[in-house]
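Participant: First the structure, which I've put down as structure tokens, then a few questions once you've had a look.
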Amino acid sequence: MVTILFDGIAYGMLLFVLACGLTVTMGLMNFINLSHGAFALAGGYVTAALTQKAGLPFLLCLPLAFLFSAVLGMLAEKLLYRRLYQRSHLDQVLFTIGIVFMTVAAVDYLIGSQQQSIHLPDWLRGRLDLLGGSIGVYRLFIIVLCGVLALAIQWLLSHTRFGSQLRASVDDPRVARGLGIPVNQVFAVTFALGCGLAGLGGALGADLLGMDPTFPIKFMIYFLIVVTVGGTSGIMGTFFAALLLGIADVAGKYYVPQIGAFVIYALMVAVLILRPQGLFTRGGSR
Amino acid sequence: MTHSVENAMAVMTRTARWSHWETLFWLASLALLPIFPNKALLFSQIAIMGLFALSLDLILGYAGIVSLGHAAFFGIGAYAAGLMAKHGLGDPTLGLLAAATGAALIGFVTSFLLLRGSDLTRLMVTLGIALMLFEAANRFASITGGADGLQGMMVKPVLGLFSFDLYGRTAYLYSLTILFLLLILARRIVYSPFGLSLRAVKANSLRAGAIGISSATRLVAIYTISAAYSGVAGALSAQTTQLVSLDVLDFHRSADVMLVLVIGGVGWLYGGIIGAIIFSLMQDWLAGITPQYWEFWIGLVLVVLVLVGHGRLQSYARMMIDAITQKGRVTRPDQRGTS
């Protein structure tokens with residue numbers, strides 16, 4: 001019981017880090033981005049390559065994965081995604097699916113279709129006995145790290161100048177621009193940060209979720225669920241949605257394996273029927 | 001007052017008129033069979049894909065519903081027809097009817113989930129339903145055959161007269177006939193007052209509501225119809241290839257059909273068919289070069305299409321058609337919202 005809850009929380013935390021960038025671009029900026037998983041894939045592969053080939057320590061690889069995906073995201077935003085903010089949702093869907101397909105095939109071609117494994121340091125392996133359950137040390141590490149990240153993101157959004165600029169830009173880009181907020185730059189930085197977090201999530205999750213070229217497609221639905229269920233109230237909604245999803249998924253697979261993934265889909269449909277705007281909403285222009 | 005009604009009716013009749021190039025198109029599609037007798041199987045695949053894309057056009061082009069899970073209905077149809085053929089009810093017409101009914105039923109039930117929320121919610125719900133069905137087909141492998149596919153389908157001759165041959169000639173004529181009939185029906189639907197009201201809902205559902213058009217009933221209706229169309233496409237695929245596997249419900253199929261439709265043009269019924277032709281030729285050509293990485297090229301086409309603007313590409317193509325037919329009487333598709 002404790003173990004399942006714990007695994008679920010770790011899983012949910014991972015989903016949060018993976019998806020929270022998407023909350024901003026999709027939930028708040030209303031840009032449908034299905035290619036978010038591609039940046040997570042980049043982070044995961046960089047980490048795998050650095051730990052395996054270059055032999056760098058795992059902890060050092062995490063910020064590198066973040067940086068790599070963030071830079072990649074920044075370039076992609078500047079060159080491609082920015083043109084699509086004003087386009088129809090159909091165009092955004094087509095374009096981002098196209099990016100996903102290209103990424104999957106290109107990674108498959110360049111690196112191969114086998115699953116990437118990440119070399120974890122010894123102190124992260126093994127299990128602990130805690131509260132009557134057996135808990136993986138690595139999962140504990142994920143929970144602590146992602147928890148700190150969640151707090152940091154929340155602080156960034158609510159207590160810094162950048163955070164208030166972002167909230168203003170999302171609420172009403174025209175007025176924000178009129179007040180002298182560099183809306184495009186704010187969005188670009190946000191996009192890059194979101195991609196970086198996805199990359200970090202990919203690096204952290206490679207061991208738990210499995211990292212192969214089809215990752216962006218396999219987990220697309222999870223990101224989408226987290227974002228839509230979480231609603232548009234900001235980062236906390238996403239956080240709770242991710243936790244809920246993680247726990248429901250792990251518990252569902254453990255207790256009722258015969259219906260497997262149905263649990264989360266049913267949960268999603270139920271939430272969307274009861275609250276089409278997501279669990280947590282706020283008033284305002286969107 | 002009566003004058004304006006007459007006016008409106010005249011406009012509707014004019015836009016709905018059967019034009020010469022359509023006759024030409026269907027004659028050409030028939031003529032393909034004697035010209036390329038060995039390619040009949042490929043042609044029947046194209047016809048089926050065209051029908052599937054047509055069904056997506058009904059909701060995307062005429063009602064503005066972006067669906068990422070249209071393969072759900074294709075899959076239901078394929079499994080319905082396949083299971084019937086497996087259990088002794090191999091009559092193709094019966095299979096089509098069962099597939100259409102089954103898909104329409106699921107479409108009807110799930111359409112209510114699409115009424116609330118934004119594009120994003122719809123995207124999610126359609127994707128979620130398709131994934132659930134995929135998962136279900138995977139779980140109940142004792143019924144569906146799981147990843148190995150359905151074994152032992154026995155499809156009887158069409159109408160008890162024309163049995164399926166190895167070269168796919170019957171398959172092609174059969175698929176083409178169904179496609180033709182359903183296209184005629186779709187024409188009737190989209191050029192009817194109901195079809196016009198759908199466009200009104202798509203263009204601005206708030207205003208449509210203000211003039212007394214209930215968007216909910218219309219969306220439910222067209223979504224159900226579209227689901228039935230997909231079901232028929234799935235059934236055709238099952239009957240002509242005698243093969244149903246989990247692949248019919250795969251996410252790729254939903255994405256591919258969207259690409260097919262967008263290549264051919266959204267919102268003018270023939271887009272799906274033309275897209276299917278281009279898509280198949282492209283697939284044939286590209287898969288010959290790099291069979292494994294065919295996905296990459298699909299992705300590239302999608303990206304380029306969006307960056308260049310698919311509306312723009314298609315308006316050039318249409319200008320060419322207009323120039324060829326010379327009269328400006330070609331049924332001009334509605335371009336709003338597609339680019």
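Chain labels A, B, ... are given in the sequence in which chains occur in the structure tokens; within each chain residues are numbered consecutively from 1, and ligands are likewise numbered from 1 in the order shown.
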Which residues of chain A sit at most 9 Å from chain B, using only C-alpha atoms? Give each one's shortest atom pair and distance in Å (one decimal place), in chain and ascending residue order, as a Markdown table.

Facilitator:
```
| residue | atom | partner | partner_atom | distance |
| --- | --- | --- | --- | --- |
| A:Met26 | CA | B:Leu120 | CA | 8.6 |
| A:Gly27 | CA | B:Leu120 | CA | 8.9 |
| A:Asn30 | CA | B:Leu120 | CA | 8.6 |
| A:Ile32 | CA | B:Leu120 | CA | 7.1 |
| A:Leu80 | CA | B:Leu307 | CA | 8.5 |
| A:Arg83 | CA | B:Leu307 | CA | 8.3 |
| A:Leu84 | CA | B:Leu307 | CA | 8.6 |
| A:Arg87 | CA | B:Ser339 | CA | 7.4 |
| A:Ser88 | CA | B:Ser339 | CA | 6.8 |
| A:His89 | CA | B:Asp119 | CA | 7.2 |
| A:Leu90 | CA | B:Val66 | CA | 6.4 |
| A:Asp91 | CA | B:Val306 | CA | 5.9 |
| A:Gln92 | CA | B:Val306 | CA | 8.1 |
| A:Val93 | CA | B:Val66 | CA | 8.6 |
| A:Leu94 | CA | B:Leu302 | CA | 6.0 |
| A:Phe95 | CA | B:Val303 | CA | 4.9 |
| A:Thr96 | CA | B:Val303 | CA | 7.7 |
| A:Ile97 | CA | B:Gly299 | CA | 7.0 |
| A:Gly98 | CA | B:Gly299 | CA | 3.6 |
| A:Ile99 | CA | B:Gly299 | CA | 5.9 |
| A:Val100 | CA | B:Gly299 | CA | 7.2 |
| A:Phe101 | CA | B:Gly299 | CA | 5.0 |
| A:Met102 | CA | B:Phe296 | CA | 4.3 |
| A:Thr103 | CA | B:Phe296 | CA | 7.5 |
| A:Val104 | CA | B:Phe296 | CA | 7.6 |
| A:Ala105 | CA | B:Phe296 | CA | 5.1 |
| A:Ala106 | CA | B:Phe296 | CA | 6.7 |
| A:Asp108 | CA | B:Tyr293 | CA | 8.1 |
| A:Tyr109 | CA | B:Tyr293 | CA | 7.2 |
| A:Ile217 | CA | B:Phe251 | CA | 8.7 |
| A:Ile221 | CA | B:Gly128 | CA | 7.5 |
| A:Leu224 | CA | B:Met124 | CA | 6.9 |
| A:Ile225 | CA | B:Met124 | CA | 7.4 |
| A:Thr228 | CA | B:Thr121 | CA | 6.9 |
| A:Gln258 | CA | B:Arg139 | CA | 7.3 |
| A:Ile259 | CA | B:Arg139 | CA | 7.4 |
| A:Gly260 | CA | B:Glu135 | CA | 8.1 |
| A:Ala261 | CA | B:Glu135 | CA | 7.2 |
| A:Phe262 | CA | B:Met132 | CA | 6.4 |
| A:Tyr265 | CA | B:Gly128 | CA | 6.2 |
| A:Ala266 | CA | B:Met132 | CA | 8.7 |
| A:Met268 | CA | B:Gly128 | CA | 8.2 |
| A:Val269 | CA | B:Val125 | CA | 7.0 |
| A:Leu272 | CA | B:Thr121 | CA | 7.7 |
| A:Ile273 | CA | B:Leu113 | CA | 6.7 |
| A:Pro276 | CA | B:Gly117 | CA | 5.4 |
| A:Gln277 | CA | B:Gly117 | CA | 6.6 |
```

Participant: Keeping only C-alpha atoms, write the selected residues to a file as a PDB file, in the first residue's frame.

Facilitator:
```pdb
ATOM      1  CA  MET A  26      -0.947  24.855 -24.055  1.00  0.00           C
ATOM      2  CA  GLY A  27      -3.100  25.676 -21.064  1.00  0.00           C
ATOM      3  CA  ASN A  30      -3.648  28.332 -25.958  1.00  0.00           C
ATOM      4  CA  ILE A  32      -1.700  23.169 -28.943  1.00  0.00           C
ATOM      5  CA  LEU A  80       9.240  27.444 -35.964  1.00  0.00           C
ATOM      6  CA  ARG A  83       4.896  31.438 -36.415  1.00  0.00           C
ATOM      7  CA  LEU A  84       2.120  29.178 -35.251  1.00  0.00           C
ATOM      8  CA  ARG A  87      -2.687  29.987 -36.554  1.00  0.00           C
ATOM      9  CA  SER A  88      -5.702  27.735 -36.269  1.00  0.00           C
ATOM     10  CA  HIS A  89      -5.689  24.817 -33.870  1.00  0.00           C
ATOM     11  CA  LEU A  90      -5.762  22.405 -36.787  1.00  0.00           C
ATOM     12  CA  ASP A  91      -2.508  23.849 -38.107  1.00  0.00           C
ATOM     13  CA  GLN A  92      -0.913  23.615 -34.697  1.00  0.00           C
ATOM     14  CA  VAL A  93      -1.966  19.989 -34.347  1.00  0.00           C
ATOM     15  CA  LEU A  94      -0.700  19.062 -37.804  1.00  0.00           C
ATOM     16  CA  PHE A  95       2.561  20.859 -37.372  1.00  0.00           C
ATOM     17  CA  THR A  96       3.420  19.483 -33.963  1.00  0.00           C
ATOM     18  CA  ILE A  97       2.438  15.928 -34.921  1.00  0.00           C
ATOM     19  CA  GLY A  98       4.712  16.332 -37.901  1.00  0.00           C
ATOM     20  CA  ILE A  99       7.536  17.332 -35.586  1.00  0.00           C
ATOM     21  CA  VAL A 100       6.867  14.295 -33.399  1.00  0.00           C
ATOM     22  CA  PHE A 101       6.930  11.891 -36.332  1.00  0.00           C
ATOM     23  CA  MET A 102      10.131  13.403 -37.637  1.00  0.00           C
ATOM     24  CA  THR A 103      11.778  13.195 -34.243  1.00  0.00           C
ATOM     25  CA  VAL A 104      10.772   9.585 -33.719  1.00  0.00           C
ATOM     26  CA  ALA A 105      12.002   8.488 -37.138  1.00  0.00           C
ATOM     27  CA  ALA A 106      15.171  10.546 -36.981  1.00  0.00           C
ATOM     28  CA  ASP A 108      15.373   5.726 -34.711  1.00  0.00           C
ATOM     29  CA  TYR A 109      17.582   6.231 -37.753  1.00  0.00           C
ATOM     30  CA  ILE A 217       3.972   9.392 -28.833  1.00  0.00           C
ATOM     31  CA  ILE A 221      -1.607  11.348 -23.915  1.00  0.00           C
ATOM     32  CA  LEU A 224      -2.323  16.058 -22.416  1.00  0.00           C
ATOM     33  CA  ILE A 225      -4.277  14.535 -19.570  1.00  0.00           C
ATOM     34  CA  THR A 228      -6.347  19.399 -19.429  1.00  0.00           C
ATOM     35  CA  GLN A 258      -6.793  -6.646 -16.365  1.00  0.00           C
ATOM     36  CA  ILE A 259      -8.214  -3.245 -17.219  1.00  0.00           C
ATOM     37  CA  GLY A 260      -4.812  -1.576 -17.225  1.00  0.00           C
ATOM     38  CA  ALA A 261      -4.751   1.863 -18.741  1.00  0.00           C
ATOM     39  CA  PHE A 262      -8.524   2.230 -18.593  1.00  0.00           C
ATOM     40  CA  TYR A 265      -8.714   7.308 -19.369  1.00  0.00           C
ATOM     41  CA  ALA A 266     -11.873   6.820 -17.358  1.00  0.00           C
ATOM     42  CA  MET A 268      -9.835  11.798 -17.547  1.00  0.00           C
ATOM     43  CA  VAL A 269     -13.227  11.441 -19.188  1.00  0.00           C
ATOM     44  CA  LEU A 272     -13.762  16.419 -18.347  1.00  0.00           C
ATOM     45  CA  ILE A 273     -17.462  15.641 -18.139  1.00  0.00           C
ATOM     46  CA  PRO A 276     -14.676  20.633 -18.838  1.00  0.00           C
ATOM     47  CA  GLN A 277     -12.220  23.374 -17.999  1.00  0.00           C
TER      48      GLN A 277
END
```

Participant: What residues in region 5-147 of chain B get the DSSP label helix (DSSP H, G or I)? Please answer as a CSV table (one decimal) with C-alpha atoms, in the first residue's frame.

Facilitator:
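Output file out_34.csv is given in full below:
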```csv
chain,number,residue,atom,x,y,z
B,5,VAL,CA,-35.9,32.5,-50.0
B,6,GLU,CA,-35.9,31.9,-53.7
B,7,ASN,CA,-32.6,33.6,-54.0
B,8,ALA,CA,-31.1,31.4,-51.3
B,9,MET,CA,-32.5,28.3,-52.9
B,10,ALA,CA,-31.0,29.3,-56.2
B,11,VAL,CA,-27.6,29.7,-54.6
B,12,MET,CA,-27.9,26.4,-52.9
B,13,THR,CA,-28.9,24.6,-56.1
B,14,ARG,CA,-26.1,26.2,-58.0
B,15,THR,CA,-23.4,25.3,-55.5
B,16,ALA,CA,-24.7,21.8,-55.2
B,20,HIS,CA,-18.5,18.0,-65.5
B,21,TRP,CA,-15.2,17.3,-63.8
B,22,GLU,CA,-16.9,15.1,-61.3
B,23,THR,CA,-18.4,12.9,-64.0
B,24,LEU,CA,-15.0,12.8,-65.5
B,25,PHE,CA,-13.4,11.9,-62.2
B,26,TRP,CA,-15.6,8.9,-61.6
B,27,LEU,CA,-15.4,7.7,-65.2
B,28,ALA,CA,-11.6,7.9,-64.9
B,29,SER,CA,-11.6,5.9,-61.7
B,30,LEU,CA,-13.6,3.2,-63.4
B,31,ALA,CA,-11.3,3.3,-66.4
B,32,LEU,CA,-8.3,2.6,-64.1
B,33,LEU,CA,-9.3,-1.0,-63.8
B,34,PRO,CA,-8.8,-2.1,-67.4
B,35,ILE,CA,-5.8,0.1,-67.8
B,37,PRO,CA,-5.5,-4.5,-63.9
B,38,ASN,CA,-2.6,-5.5,-61.7
B,39,LYS,CA,-3.0,-2.5,-59.4
B,40,ALA,CA,-6.6,-3.1,-58.4
B,41,LEU,CA,-5.7,-4.0,-54.8
B,42,LEU,CA,-3.8,-0.7,-54.4
B,43,PHE,CA,-6.7,1.2,-55.9
B,44,SER,CA,-9.2,-0.4,-53.6
B,45,GLN,CA,-7.0,0.7,-50.7
B,46,ILE,CA,-7.0,4.2,-52.0
B,47,ALA,CA,-10.8,4.2,-52.3
B,48,ILE,CA,-11.1,3.0,-48.7
B,49,MET,CA,-8.7,5.6,-47.4
B,50,GLY,CA,-10.6,8.2,-49.4
B,51,LEU,CA,-13.8,7.2,-47.8
B,52,PHE,CA,-12.1,7.3,-44.3
B,53,ALA,CA,-10.8,10.8,-45.1
B,54,LEU,CA,-14.2,11.8,-46.4
B,55,SER,CA,-15.7,10.9,-43.0
B,56,LEU,CA,-13.1,13.1,-41.3
B,57,ASP,CA,-13.9,15.9,-43.7
B,58,LEU,CA,-17.5,15.8,-42.6
B,59,ILE,CA,-16.6,16.7,-39.0
B,60,LEU,CA,-13.4,18.7,-39.6
B,61,GLY,CA,-14.3,20.5,-42.8
B,62,TYR,CA,-18.0,21.1,-42.1
B,63,ALA,CA,-18.2,21.2,-38.3
B,71,ALA,CA,-9.3,5.6,-36.2
B,72,ALA,CA,-11.6,4.5,-33.3
B,73,PHE,CA,-14.6,4.3,-35.7
B,74,PHE,CA,-12.6,2.8,-38.5
B,75,GLY,CA,-11.5,0.1,-36.0
B,76,ILE,CA,-15.0,-0.6,-34.7
B,77,GLY,CA,-16.2,-1.0,-38.3
B,78,ALA,CA,-13.3,-3.3,-39.2
B,79,TYR,CA,-13.8,-5.5,-36.1
B,80,ALA,CA,-17.6,-5.6,-36.6
B,81,ALA,CA,-17.3,-6.7,-40.1
B,82,GLY,CA,-14.4,-9.0,-39.4
B,83,LEU,CA,-16.1,-10.7,-36.4
B,84,MET,CA,-19.2,-11.3,-38.4
B,85,ALA,CA,-17.3,-12.8,-41.3
B,86,LYS,CA,-15.5,-15.0,-38.8
B,92,PRO,CA,-20.5,-8.1,-47.2
B,93,THR,CA,-23.6,-5.9,-47.2
B,94,LEU,CA,-24.7,-7.2,-43.9
B,95,GLY,CA,-21.1,-6.5,-42.6
B,96,LEU,CA,-21.2,-2.9,-43.8
B,97,LEU,CA,-24.6,-2.3,-42.1
B,98,ALA,CA,-23.4,-3.8,-38.9
B,99,ALA,CA,-20.2,-1.8,-39.0
B,100,ALA,CA,-22.0,1.4,-39.8
B,101,THR,CA,-24.5,0.8,-37.0
B,102,GLY,CA,-21.9,-0.1,-34.4
B,103,ALA,CA,-19.7,2.9,-35.3
B,104,ALA,CA,-22.6,5.2,-35.4
B,105,LEU,CA,-23.7,4.0,-32.0
B,106,ILE,CA,-20.4,4.6,-30.4
B,107,GLY,CA,-20.1,7.9,-32.3
B,108,PHE,CA,-23.5,9.0,-31.0
B,109,VAL,CA,-22.7,8.2,-27.4
B,110,THR,CA,-19.2,9.8,-27.4
B,111,SER,CA,-20.4,12.9,-29.3
B,112,PHE,CA,-21.9,14.3,-26.2
B,113,LEU,CA,-18.4,14.5,-24.7
B,114,LEU,CA,-17.5,16.9,-27.5
B,119,ASP,CA,-10.6,22.4,-29.3
B,120,LEU,CA,-8.1,21.1,-26.8
B,121,THR,CA,-10.7,19.2,-24.8
B,122,ARG,CA,-12.1,17.7,-28.0
B,123,LEU,CA,-8.7,16.6,-29.1
B,124,MET,CA,-8.2,15.0,-25.8
B,125,VAL,CA,-11.5,13.2,-25.7
B,126,THR,CA,-11.2,11.9,-29.3
B,127,LEU,CA,-7.7,10.7,-28.6
B,128,GLY,CA,-8.7,9.2,-25.3
B,129,ILE,CA,-11.6,7.2,-26.8
B,130,ALA,CA,-9.4,5.9,-29.6
B,131,LEU,CA,-6.8,4.8,-27.0
B,132,MET,CA,-9.4,3.2,-24.8
B,133,LEU,CA,-10.7,1.2,-27.7
B,134,PHE,CA,-7.1,0.2,-28.7
B,135,GLU,CA,-6.5,-0.9,-25.1
B,136,ALA,CA,-9.8,-2.8,-25.1
B,137,ALA,CA,-9.0,-4.6,-28.4
B,138,ASN,CA,-5.6,-5.5,-26.9
B,139,ARG,CA,-7.0,-6.8,-23.6
B,141,ALA,CA,-7.4,-10.8,-27.4
B,142,SER,CA,-9.6,-13.9,-27.1
B,143,ILE,CA,-12.2,-12.0,-29.2
B,144,THR,CA,-10.1,-9.8,-31.3
B,146,GLY,CA,-4.9,-9.1,-30.3
B,147,ALA,CA,-1.7,-8.3,-32.0
```

Participant: Taking 2 positions as the minimum chain separation for residues in the same chain, which residues sit within 6 Å of region 214-222 of chain B when counting only C-alpha atoms? Answer as a PyMOL selection string.

Facilitator: chain B and resi 111+201+209+224-226

Participant: Tell me, counting only C-alpha atoms, for each residue of region 201-229 of chain A within 10 Å of region 175-197 of chain A, which pair of atoms is nearest and how far apart they are in Å to one decimal, in rows ordered by chain and increasing number, as JSON lines.

Facilitator:
```
{"residue": "A:Gly201", "atom": "CA", "partner": "A:Leu197", "partner_atom": "CA", "distance": 6.0}
{"residue": "A:Gly202", "atom": "CA", "partner": "A:Leu197", "partner_atom": "CA", "distance": 8.4}
{"residue": "A:Ala203", "atom": "CA", "partner": "A:Leu197", "partner_atom": "CA", "distance": 9.7}
```

Participant: Could you write those residues out with C-alpha atoms, as an mmCIF file, in the first residue's frame?

Facilitator:
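Output (out.cif):
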```cif
data_model
loop_
_atom_site.group_PDB
_atom_site.id
_atom_site.type_symbol
_atom_site.label_atom_id
_atom_site.label_comp_id
_atom_site.auth_asym_id
_atom_site.auth_seq_id
_atom_site.Cartn_x
_atom_site.Cartn_y
_atom_site.Cartn_z
ATOM 1 C CA GLY A 201 12.044 15.072 -16.680
ATOM 2 C CA GLY A 202 13.185 12.868 -19.519
ATOM 3 C CA ALA A 203 16.576 12.459 -17.912
#
```

Participant: Would you return as a list in words the members of region 48-236 of chain A that DSSP assigns to strand (DSSP E or B) on this structure's backbone?

Facilitator: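 Of region 48-236 of chain A, the ones in strand (DSSP E or B) are Gln116, Arg127, Leu128, Asp129, Leu130, Gly133, Ser134, Ile135, Gly136 and Met211 of chain A.
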
Participant: Can you pull out the residues contacting Ala42 (chain A)? Cut-off 12 Å, using only C-alpha atoms, and skip same-chain residues under 5 positions away; I want them as a PyMOL selection string.

Facilitator: chain A and resi 35-37+47-49+64-73+100+103-104+106-107+111+116+195-203+206+211-213+215-216

Participant: Generate the output file for the selected residues, C-alpha atoms, as a PDB file, in the first residue's frame.

Facilitator:
```
ATOM      1  CA  SER A  35       5.549  17.726 -29.628  1.00  0.00           C
ATOM      2  CA  HIS A  36       6.450  18.404 -26.013  1.00  0.00           C
ATOM      3  CA  GLY A  37       7.596  14.832 -25.537  1.00  0.00           C
ATOM      4  CA  THR A  47      21.738  11.892 -20.299  1.00  0.00           C
ATOM      5  CA  ALA A  48      22.017   8.346 -21.559  1.00  0.00           C
ATOM      6  CA  ALA A  49      24.809   9.321 -23.915  1.00  0.00           C
ATOM      7  CA  LEU A  64      23.138  19.429 -18.811  1.00  0.00           C
ATOM      8  CA  ALA A  65      19.987  17.690 -19.989  1.00  0.00           C
ATOM      9  CA  PHE A  66      18.001  20.703 -18.836  1.00  0.00           C
ATOM     10  CA  LEU A  67      20.281  23.083 -20.706  1.00  0.00           C
ATOM     11  CA  PHE A  68      20.331  21.013 -23.860  1.00  0.00           C
ATOM     12  CA  SER A  69      16.560  20.754 -24.090  1.00  0.00           C
ATOM     13  CA  ALA A  70      16.121  24.397 -23.164  1.00  0.00           C
ATOM     14  CA  VAL A  71      18.460  25.554 -25.921  1.00  0.00           C
ATOM     15  CA  LEU A  72      16.759  23.205 -28.343  1.00  0.00           C
ATOM     16  CA  GLY A  73      13.385  24.562 -27.283  1.00  0.00           C
ATOM     17  CA  VAL A 100       6.867  14.295 -33.399  1.00  0.00           C
ATOM     18  CA  THR A 103      11.778  13.195 -34.243  1.00  0.00           C
ATOM     19  CA  VAL A 104      10.772   9.585 -33.719  1.00  0.00           C
ATOM     20  CA  ALA A 106      15.171  10.546 -36.981  1.00  0.00           C
ATOM     21  CA  VAL A 107      16.165   9.227 -33.546  1.00  0.00           C
ATOM     22  CA  ILE A 111      20.642   6.079 -32.728  1.00  0.00           C
ATOM     23  CA  GLN A 116      18.286   3.669 -23.618  1.00  0.00           C
ATOM     24  CA  CYS A 195      11.376  22.457 -22.729  1.00  0.00           C
ATOM     25  CA  GLY A 196      14.295  22.403 -20.337  1.00  0.00           C
ATOM     26  CA  LEU A 197      12.088  21.007 -17.598  1.00  0.00           C
ATOM     27  CA  ALA A 198      10.797  18.399 -20.032  1.00  0.00           C
ATOM     28  CA  GLY A 199      14.387  17.467 -20.804  1.00  0.00           C
ATOM     29  CA  LEU A 200      15.151  17.208 -17.117  1.00  0.00           C
ATOM     30  CA  GLY A 201      12.044  15.072 -16.680  1.00  0.00           C
ATOM     31  CA  GLY A 202      13.185  12.868 -19.519  1.00  0.00           C
ATOM     32  CA  ALA A 203      16.576  12.459 -17.912  1.00  0.00           C
ATOM     33  CA  ALA A 206      14.452   7.454 -18.433  1.00  0.00           C
ATOM     34  CA  MET A 211      13.272   5.832 -23.039  1.00  0.00           C
ATOM     35  CA  ASP A 212      13.024   4.712 -26.648  1.00  0.00           C
ATOM     36  CA  PRO A 213      12.282   6.630 -29.855  1.00  0.00           C
ATOM     37  CA  PHE A 215       8.542   8.070 -26.114  1.00  0.00           C
ATOM     38  CA  PRO A 216       6.949  11.301 -27.442  1.00  0.00           C
TER      39      PRO A 216
END
```

Participant: Given only C-alpha atoms as the basis, pick out the residue of B:Ser205, B:Asp91, B:Ala186, B:Tyr172 nearest to Val158 (chain B).

Facilitator: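 Once distances to Val158 (chain B) are computed over only C-alpha atoms, the minimum belongs to B:Asp91.
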
Participant: Between CA of Val308 (chain B) and CA of Met282 (chain B), measure the distance and give it in Å to one decimal.

Facilitator: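 These atoms are spaced 18.5 Å apart.
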
Participant: Tell me which of B:Trp268, B:Phe164, B:Tyr229, B:Phe36 sits closest to Val190 (chain B), counting only C-alpha atoms.

Facilitator: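 Smallest distance to Val190 (chain B) is found for B:Trp268.
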
Participant: Please measure the separation of CA of Asp7 (chain A) and CA of Leu274 (chain A), giving the value in Å to one decimal.

Facilitator: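 Going from CA of Asp7 (chain A) over to CA of Leu274 (chain A) covers 27.6 Å.
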